[in-house]
Structure formats: C-alpha cells, structure tokens
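A short write-up of the structure that comes next.
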Amino acid sequence: MRYAYFPGCSSHGTGKEYESSTQAVAKKLGMELVEIPDWSCCGATAAHGKSHLLNVALPARNLAIAEDMGLDTLTTGCAACYQQLANANKEMTENKEIKEKINKITGKEYKGTLKVKSLVEAIGTVDQELLKSNIVKPLSGLRVAAYYGCLLVRPPQITGFDDPENPMFMDNMMKLAGAEALDWAHKTECCGASLGVSNLGIAVKLINKILKGVIASGADCVVVACPFCHLNLDWHQKSVNKQLGTSYEMPVFYFTELLGLAMGINQDELGLKTHFTDTQKILSKVG
Amino acid sequence: MESINLNQSISKNADFIQRIGEESGQPVQKCYQCGKCTAGCPVAFAMDYTPNQVIRMVQLGMKDELLKSNTIWICASCSTCSTRCPCNVEVAHVMESLRIMAGRSGTAPAGKAKYVEIMYNALLSTVEKYGRTYEVGLVLQNNLRSGKLFNGADMGMPMLQKGKLKLSPSKVKGAAEIARIFSEVRKMEGGVK
Ligand code: SF4
Ligand code: SF4
C-alpha cells in the first residue's frame with residue numbers, strides 16, 4: 001500500500017525518534033510512505049488562534065500537492081498535523097464555498113479526493129496476519145499505559161474512528177506486540193500541548209496529573225502517538241519534578257518504537273537512545 | 001464582575017451574539033448551563049471565566065469582558081468540552097472565534113494570555129518566512145518577545161546534545177506560495193499579524 005506521507009515540522013528535530021521508528025516499521029510492513037514533495041507547515045495550534053482561513057489554507061496546500069501525487073490516502077504521525085489536515089479536508093469536501101475560497105488563496109486546485117488517516121490508524125489497519133507475522137520478539141511482561149491525548153480522538157466529527165472517551169486502537173496494537181495494555185483513567189486527558197512552550201507553569205500541572213495516573217495503573221511506561229505529547233511527557237518530566245517536587249522517571253515511547261522492538265528492529269535504528277527519560281532500564285526487562 | 005443589566009447588554013450587543021454564533025457555527029443559545037464542559041476542562045483552574053461562564057456571557061452579549069479574558073487564550077483546544085456537551089455546542093469553536101475576534105479588534109491579551117499570543121505570532125512568523133516551523137528560531141523569538149530570555153534554556157542544552165535541535169531552518173522551495181497564502185488571507189479578512 002502506498003501513502004502520501006506528511007512528516008511534519010518536528011520530524012527532523014524534537015520528534016526524530018518518531019520519524020526513524022516510523023520509517024523502520026513501515027519498511028517491515030511493506031507500507032510505502034511517499035513524502036509529499038515540498039510539504040509545508042500545517043499551521044499547528046497557532047493558525048486556529050488567528051484566522052479561520054489561514055487555518056484551512058496552510059494544510060490545504062499540502063492536500064492539493066498530495067492529491068496531485070495520484071495517491072488516495074494521506075497519513076501523518078503527528079496528532080496535531082493529522083487534525084489540521086483532517087479538519088481542512090472535511091471543511092473543503094463538505095463546503096463548496098470554502099473550497100473555492102481556499103483554492104483561490106493557495107493558488108492550487110484541491111478537488112477533495114483524499115482520505116486523511118493518522119499513522120496509528122494506517123498501521124493499525126494493515127492486514128492483521130501480516131502484523132502478527134512480523135512480531136518476532138514479543139514484548140512479554142511489559143506493562144504499558146496507552147496515552148492518546150486529544151487531537152487523535154477529538155472532536156469525533158473530525159477524527160471519528162474510535163471511541164473518543166475510551167479509545168482502544170493503540171491498546172490493541174500493543175497487545176498484538178505481546179505487551180500488556182492496562183486500563184487507566186487518563187488516556188485522553190490533555191497534556192497541555194503548546195502551553196508547554198507558552199505557560200509551562202500550567203502545563204506541568206496537567207502533565208503531573210497524567211503521570212500520576214500512569215503510576216497508579218502500575219504501568220512500566222507510557223506509549224504515545226504524537227511528538228507533542230512525547231515532548232511534554234518525556235522532556236518536561238524534569239520540569240514537573242523540579243516545579244512540583246515529584247520524582248518521576250517514567251519512560252515514554254512512541255508506539256512505533258515498541259512495535260519496532262517487537263519486530264526485532266534494533267534500538268539505534270528506532271532512536272530509542274535519544275529520549276530524555278531513561279529507556280534502557282525498562283527495556284532490559286524485555287531483552 | 002460588576003452587575004449588568006441583561007436587557008441592555010443583549011440588545012446593545014445583538015450583533016456580537018449573532019456573529020459569534022455564525023463564525024463558530026455553534027448553537028450557543030441552546031446551552032442550559034449544566035457545567036459539563038467546565039467539569040472536563042483541563043485548564044479551567046487557570047481561567048478567569050470557566051467554559052460554561054463563557055457560553056453564558058456570549059448569550060448575554062458581554063463582548064468586552066470576553067475579548068479581554070485570559071480564558072480564550074489559555075484554552076488548549078483539547079475539545080473535551082465539545083465532545084461532552086449534551087446540547088452539541090462545540091465550546092472549543094466558540095473559544096476559537098472569540099480568540100480570532102479579540103485579535104482582530106486589537107484587544108491586547110495580558111498576563112498568561114499574552115504568552116500564548118506571543119507564541120502564536122512567533123510560530124506563524126517562522127512559517128510565513130520559511131514555510132516550516134523552525135524550533136530554535138521559534139524558541140528564541142518567543143523568549144525575546146515575552147522577555148523571558150532564558151525560558152527553556154536550561155532544557156535546551158540536553159536537547160542539543162541529543163541532536164534534537166536543528167540549528168539551521170529548513171526552508172520550503174515554495175516559500176513564495178506560503179507568502180502568497182498569508183497575503184491573500186490578509187486581503188480577505190485582515191487580522192493576521
Ligand atoms: S456542556 Fe454544553 S450545555 Fe453544558 S454548560 Fe457547557 S456548553 Fe452549556
Ligand atoms: S477546548 Fe478549551 S475550553 Fe474546551 S475543555 Fe479544552 S481547554 Fe477547556
């Protein structure tokens with residue numbers, strides 16, 4: 001299966017482990033991720049704080065280029081990019097007036113033929129037998145708390161492929177990889193997103209609530225599907241400890257990293273050694 | 001909050017009430033103040049008006065108070081409120097429309113809200129220039145504009161060491177196309193600084 005692939009701005013920077021593990025896992029599964037030529041920023045949270053048209057136009061440029069590639073599905077790992085692209089796609093396919101206006105702004109003709117899928121959905125919906133046959137080193141004994149955050153599952157009018165209050169797709173994938181996915185209460189609580197940049201004092205309280213929930217569930221680690229969630233939970237774990245006097249040392253993995261491990265891909269290729277919170281102690285548990 | 005004359009406020013600000021309804025596409029008048037949006041809001045503790053209060057204030061036409069509030073900027077756009085509202089009011093969209101209106105009207109946010117606006121502007125100006133977000137530039141600009149020069153600096157070192165900060169921006173080839181998007185939007189609606 002070939003996909004138009006949108007890497008997103010964090011893919012060469014803060015989210016680079018996500019990118020490398022995504023590429024490695026896709027290769028194993030025979031998914032061809034064709035990078036959208038000259039893709040540009042989706043606008044992230046900023047555009048929808050400033051202008052409705054800009055918020056649709058920035059992702060729409062990418063939709064138009066992707067459509068020209070002749071592929072029918074666009075996928076991206078970043079939950080924020082996913083929501084921006086899916087939202088623009090929805091607005092442009094449902095509202096002709098908006099579509100015309102936006103095409104005029106971008107100077108590109110988007111017809112509205114693409115499907116936008118998050119990477120979790122794209123990987124989670126490949127042939128289950130194929131997925132299973134690639135699991136050669138099951139993560140036996142690893143207890144994970146799957147954290148979905150907001151943008152992958154809400155609002156359901158845009159995302160709409162799993163339960164917005166109790167999503168299970170990442171849990172199921174982790175089970176397939178041999179790990180134990182735990183029930184816990186904070187799966188879809190917000191990590192504060194960009195408040196981690198603008199108002200860290202607010203964000204640490206949100207992150208603390210989530211990490212507390214992880215500890216209460218008895219999990220060994222958290223698994224995420226978004227570079228911003230990763231940044232807040234992994235990088236800012238130190239800030240939480242410093243500002244709130246906690247002592248968390250909770251490893252935070254991308255789902256593609258754990259899936260890759262279970263597929264026997266080596267740690268360096270996956271990028272497991274550049275996390276801020278140590279990953280090695282827990283990984284020695286699964287060999 | 002001072003006491004207000006409801007009839008006067010509603011009739012004086014009928015335009016505002018209608019515009020927020022239209023721009024957000026939300027049936028704000030349906031809200032019956034159950035409070036579910038606020039109960040699930042992760043940042044209600046840091047807001048000057050809670051989400052349900054904001055909706056009530058829209059119903060009452062309290063434009064000035066809303067455009068000056070920190071709530072509309074602190075809102076993390078998590079859509080928990082929108083997902084749970086029994087009346088299908090997507091509160092997050094209302095927050096967004098208020099934020100955009102505040103920006104257009106030139107109402108300067110204060111305190112915590114100011115930092116959010118500074119970050120939005122820093123992000124969008126890097127996108128306008130390069131077509132992509134450039135994290136180092138973003139953090140530097142953000143810190144310069146907010147006067148919190150060393151914000152995140154102690155965290156920046158480990159990030160550099162892990163090779164997670166790119167020191168030069170990557171610019172898209174179609175940078176002129178991005179500039180066009182910004183200028184067309186400005187022509188059509190103004191308000192994008
Ligand atoms: S959840 Fe809906 S009905 Fe209830 S207070 Fe909030 S906006 Fe009003
Ligand atoms: S979208 Fe904003 S107002 Fe609604 S729950 Fe999230 S942070 Fe609160």
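Residues are referred to by chain and number: the chain letter is A, B, ... according to the order shown in the structure tokens, the number counts from 1 in that chain, and ligands are numbered separately from 1 in the order shown.
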**OP:** Name the residues, by chain letter and number, that sit within 12 Å of ligand 1 using only C-alpha atoms and all ligand atoms, and give them as a PyMOL selection string.
**Re:** chain B and resi 26-41+50-59+79-95
Chain B residues near chain A within 7 Å, closest pair each, using only C-alpha atoms, as JSON lines:
{"residue": "B:Pro42", "atom": "CA", "partner": "A:Cys190", "partner_atom": "CA", "distance": 6.5}
{"residue": "B:Ala76", "atom": "CA", "partner": "A:Gly192", "partner_atom": "CA", "distance": 6.2}
{"residue": "B:Cys78", "atom": "CA", "partner": "A:Cys150", "partner_atom": "CA", "distance": 5.4}
{"residue": "B:Ser79", "atom": "CA", "partner": "A:Pro155", "partner_atom": "CA", "distance": 5.8}
{"residue": "B:Ser82", "atom": "CA", "partner": "A:Pro155", "partner_atom": "CA", "distance": 6.8}
{"residue": "B:Thr83", "atom": "CA", "partner": "A:Pro155", "partner_atom": "CA", "distance": 5.8}
{"residue": "B:Glu96", "atom": "CA", "partner": "A:Gly49", "partner_atom": "CA", "distance": 5.9}
{"residue": "B:Arg99", "atom": "CA", "partner": "A:Gly49", "partner_atom": "CA", "distance": 5.9}
{"residue": "B:Ile100", "atom": "CA", "partner": "A:Lys50", "partner_atom": "CA", "distance": 5.0}
{"residue": "B:Gly103", "atom": "CA", "partner": "A:Lys50", "partner_atom": "CA", "distance": 6.8}
{"residue": "B:Lys112", "atom": "CA", "partner": "A:Asn199", "partner_atom": "CA", "distance": 6.7}
{"residue": "B:Tyr115", "atom": "CA", "partner": "A:Ser198", "partner_atom": "CA", "distance": 5.3}
{"residue": "B:Val116", "atom": "CA", "partner": "A:Ser198", "partner_atom": "CA", "distance": 5.3}
{"residue": "B:Met119", "atom": "CA", "partner": "A:Ser198", "partner_atom": "CA", "distance": 6.2}
{"residue": "B:Tyr120", "atom": "CA", "partner": "A:Ala46", "partner_atom": "CA", "distance": 4.6}
{"residue": "B:Leu123", "atom": "CA", "partner": "A:Ala46", "partner_atom": "CA", "distance": 6.8}
{"residue": "B:Leu124", "atom": "CA", "partner": "A:Ala46", "partner_atom": "CA", "distance": 6.7}
{"residue": "B:Val127", "atom": "CA", "partner": "A:Cys41", "partner_atom": "CA", "distance": 6.6}
{"residue": "B:Gly131", "atom": "CA", "partner": "A:Ser40", "partner_atom": "CA", "distance": 5.3}
{"residue": "B:Arg132", "atom": "CA", "partner": "A:Cys41", "partner_atom": "CA", "distance": 4.6}
{"residue": "B:Thr133", "atom": "CA", "partner": "A:Cys9", "partner_atom": "CA", "distance": 5.7}
{"residue": "B:Lys162", "atom": "CA", "partner": "A:Thr274", "partner_atom": "CA", "distance": 5.6}
{"residue": "B:Lys164", "atom": "CA", "partner": "A:Gly13", "partner_atom": "CA", "distance": 4.5}
{"residue": "B:Leu165", "atom": "CA", "partner": "A:Gly13", "partner_atom": "CA", "distance": 5.2}
{"residue": "B:Lys166", "atom": "CA", "partner": "A:Gly13", "partner_atom": "CA", "distance": 5.9}
{"residue": "B:Val172", "atom": "CA", "partner": "A:Asp38", "partner_atom": "CA", "distance": 5.8}
{"residue": "B:Lys173", "atom": "CA", "partner": "A:Asp38", "partner_atom": "CA", "distance": 6.3}
{"residue": "B:Gly174", "atom": "CA", "partner": "A:Asp38", "partner_atom": "CA", "distance": 6.9}
{"residue": "B:Ile181", "atom": "CA", "partner": "A:Thr106", "partner_atom": "CA", "distance": 5.5}
{"residue": "B:Glu184", "atom": "CA", "partner": "A:Ile105", "partner_atom": "CA", "distance": 5.5}
{"residue": "B:Val185", "atom": "CA", "partner": "A:Leu54", "partner_atom": "CA", "distance": 6.3}
{"residue": "B:Val192", "atom": "CA", "partner": "A:Lys50", "partner_atom": "CA", "distance": 6.1}
Write the selection just made, keeping N, CA, C and O atoms, as a short mmCIF file (atom, residue, chain, number, x, y, z; two decimals), in the first residue's frame?
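That gives us part_29.cif:
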data_model
loop_
_atom_site.label_atom_id
_atom_site.label_comp_id
_atom_site.auth_asym_id
_atom_site.auth_seq_id
_atom_site.Cartn_x
_atom_site.Cartn_y
_atom_site.Cartn_z
N PRO B 42 -9.41 20.74 31.23
CA PRO B 42 -8.17 20.53 31.97
C PRO B 42 -7.54 21.82 32.49
O PRO B 42 -6.72 21.78 33.39
N ALA B 76 -6.76 25.17 25.69
CA ALA B 76 -5.74 24.38 24.99
C ALA B 76 -6.30 23.73 23.72
O ALA B 76 -5.62 22.92 23.10
N CYS B 78 -8.48 21.42 23.40
CA CYS B 78 -8.46 19.96 23.52
C CYS B 78 -9.78 19.34 23.11
O CYS B 78 -9.89 18.12 22.96
N SER B 79 -10.83 20.15 22.98
CA SER B 79 -12.15 19.70 22.54
C SER B 79 -12.86 18.73 23.48
O SER B 79 -13.81 18.06 23.08
N SER B 82 -16.34 20.17 23.79
CA SER B 82 -17.15 19.97 22.59
C SER B 82 -17.68 18.55 22.51
O SER B 82 -18.81 18.30 22.08
N THR B 83 -16.83 17.59 22.90
CA THR B 83 -17.20 16.19 22.80
C THR B 83 -18.30 15.82 23.79
O THR B 83 -19.12 14.96 23.53
N GLU B 96 -12.39 29.61 19.99
CA GLU B 96 -11.57 29.98 18.83
C GLU B 96 -12.08 31.25 18.16
O GLU B 96 -11.32 32.16 17.86
N ARG B 99 -11.22 34.20 20.24
CA ARG B 99 -9.79 34.49 20.15
C ARG B 99 -9.50 35.27 18.86
O ARG B 99 -8.79 36.27 18.87
N ILE B 100 -10.07 34.80 17.77
CA ILE B 100 -9.83 35.46 16.50
C ILE B 100 -10.41 36.87 16.52
O ILE B 100 -9.79 37.83 16.08
N GLY B 103 -8.19 39.17 18.51
CA GLY B 103 -7.01 39.54 17.73
C GLY B 103 -7.36 40.63 16.73
O GLY B 103 -6.64 41.62 16.59
N LYS B 112 -0.81 35.67 31.54
CA LYS B 112 -0.56 34.36 30.92
C LYS B 112 -1.05 34.33 29.48
O LYS B 112 -0.45 33.70 28.61
N TYR B 115 1.43 35.44 26.81
CA TYR B 115 2.46 34.49 26.37
C TYR B 115 1.94 33.57 25.27
O TYR B 115 2.68 33.14 24.40
N VAL B 116 0.65 33.27 25.35
CA VAL B 116 0.08 32.41 24.31
C VAL B 116 0.08 33.16 22.97
O VAL B 116 0.49 32.63 21.95
N MET B 119 3.49 33.37 21.49
CA MET B 119 3.93 32.12 20.87
C MET B 119 3.26 31.90 19.51
O MET B 119 3.91 31.48 18.56
N TYR B 120 1.96 32.18 19.44
CA TYR B 120 1.27 32.04 18.15
C TYR B 120 1.96 32.90 17.10
O TYR B 120 2.21 32.47 15.98
N LEU B 123 5.33 31.56 16.08
CA LEU B 123 5.21 30.38 15.22
C LEU B 123 4.79 30.76 13.80
O LEU B 123 5.40 30.34 12.82
N LEU B 124 3.78 31.61 13.72
CA LEU B 124 3.30 31.97 12.39
C LEU B 124 4.31 32.78 11.61
O LEU B 124 4.40 32.65 10.39
N VAL B 127 6.68 30.36 10.10
CA VAL B 127 6.03 29.66 8.99
C VAL B 127 5.94 30.57 7.77
O VAL B 127 6.21 30.14 6.64
N GLY B 131 8.12 28.60 5.68
CA GLY B 131 7.19 27.57 5.23
C GLY B 131 7.10 26.41 6.20
O GLY B 131 6.23 25.55 6.11
N ARG B 132 8.05 26.37 7.13
CA ARG B 132 8.00 25.33 8.16
C ARG B 132 8.32 25.95 9.50
O ARG B 132 8.86 27.04 9.57
N THR B 133 8.01 25.22 10.56
CA THR B 133 8.37 25.69 11.88
C THR B 133 9.82 25.38 12.11
O THR B 133 10.29 24.31 11.78
N LYS B 162 21.25 15.81 22.39
CA LYS B 162 20.59 14.63 21.81
C LYS B 162 20.36 14.82 20.31
O LYS B 162 19.69 14.02 19.67
N LYS B 164 18.47 17.02 18.91
CA LYS B 164 17.06 17.25 18.61
C LYS B 164 16.74 18.68 18.23
O LYS B 164 15.59 19.02 17.99
N LEU B 165 17.76 19.55 18.25
CA LEU B 165 17.51 20.90 17.79
C LEU B 165 18.29 21.13 16.51
O LEU B 165 19.51 21.00 16.50
N LYS B 166 17.59 21.42 15.46
CA LYS B 166 18.30 21.74 14.23
C LYS B 166 18.70 23.20 14.29
O LYS B 166 17.89 24.05 14.60
N VAL B 172 11.10 25.76 2.69
CA VAL B 172 10.48 25.05 1.58
C VAL B 172 10.78 25.78 0.27
O VAL B 172 11.00 26.98 0.25
N LYS B 173 10.78 25.00 -0.82
CA LYS B 173 11.07 25.61 -2.13
C LYS B 173 9.95 26.58 -2.50
O LYS B 173 10.17 27.61 -3.08
N GLY B 174 8.75 26.18 -2.14
CA GLY B 174 7.60 27.02 -2.48
C GLY B 174 7.36 28.13 -1.48
O GLY B 174 6.21 28.46 -1.18
N ILE B 181 -0.14 32.75 0.48
CA ILE B 181 -1.26 32.34 1.35
C ILE B 181 -1.50 33.40 2.43
O ILE B 181 -2.63 33.86 2.64
N GLU B 184 -2.88 36.69 0.79
CA GLU B 184 -4.28 36.55 0.35
C GLU B 184 -5.23 36.56 1.54
O GLU B 184 -6.29 37.19 1.49
N VAL B 185 -4.84 35.84 2.60
CA VAL B 185 -5.71 35.80 3.78
C VAL B 185 -5.84 37.20 4.38
O VAL B 185 -6.93 37.63 4.75
N VAL B 192 -4.39 38.92 10.60
CA VAL B 192 -3.24 38.04 10.81
C VAL B 192 -2.01 38.93 10.89
O VAL B 192 -1.59 39.49 9.91
#
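If you look at atom CA of A:Met173 and atom CA of A:Met250, they are 20.7 Å away from each other.
With atom CA of A:Ile265 on one side and atom CA of A:Lys28 on the other, the separation reads 9.0 Å.
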Original post:
Got a sec to tell me which of stretch 153-271 of chain A DSSP assigns to helix (DSSP H, G or I), as a PyMOL selection string?
Top reply: chain A and resi 169-176+195-198+200-217+227-235+237-244+255-262+267-270
**OP:** Please provide the set of residues having any atom within 7 Å of A:Tyr254, restricted to only C-alpha atoms, with same-chain residues fewer than 4 positions apart removed, written as a PyMOL selection string.
**Re:** chain A and resi 18+223-225+258
**OP:** Name the residues in contact with A:Leu63 at a cut-off of 8 Å, using only C-alpha atoms, excluding same-chain residues fewer than 4 positions from it; report them as a VMD selection string.
**Re:** chain A and resid 59 67 85 89 110 114
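Reported to one decimal place, the separation of atom CA of A:Phe6 from atom CA of A:Leu74 is 7.3 Å.
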Original post:
Using only C-alpha atoms, which residues sit within 8 Å of A:Gly260 once same-chain residues fewer than 2 positions away are excluded, as a list in words?
Top reply: Ser21, Ala24, Val25, Thr256, Glu257, Leu258, Ala262, Met263, Gly264, Ile265, Asn266 and Leu270 of chain A
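Using only C-alpha atoms and all ligand atoms, the nearest neighbour of ligand 2 within the list B:Ala44, B:Asn70, B:Ser105, B:Ala175 is B:Ala44.
Here the question is which of A:Glu109, A:Asp220, A:Glu121, A:Asp278 gets nearest to A:Glu180 using only C-alpha atoms, and that residue is A:Asp220.
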**OP:** Go through A:Ile135, A:Gln83, A:Leu71, A:Lys111 one by one, measure the shortest atom-to-atom distance of each to A:Asn95 using only C-alpha atoms, and give the residue with the smallest value.
**Re:** A:Lys111
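By only C-alpha atoms, and with residues fewer than 2 positions from A:Ala86 along its chain excluded, the set lying at most 10 Å from it is A:Val56, A:Pro59, A:Ala60, A:Leu63, A:Leu74, A:Thr75, A:Ala80, A:Cys81, A:Tyr82, A:Gln83, A:Gln84, A:Ala88, A:Asn89, A:Lys90, A:Glu91, A:Met92, A:Leu114, A:Lys115, A:Val116, A:Lys117, A:Ser118, A:Ile158, A:Thr159.
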**OP:** Compile the contact shell of B:Pro109 as a count of residues only: residues with an atom at most 8 Å away, counting only C-alpha atoms, same-chain residues fewer than 4 positions apart removed.
**Re:** 6
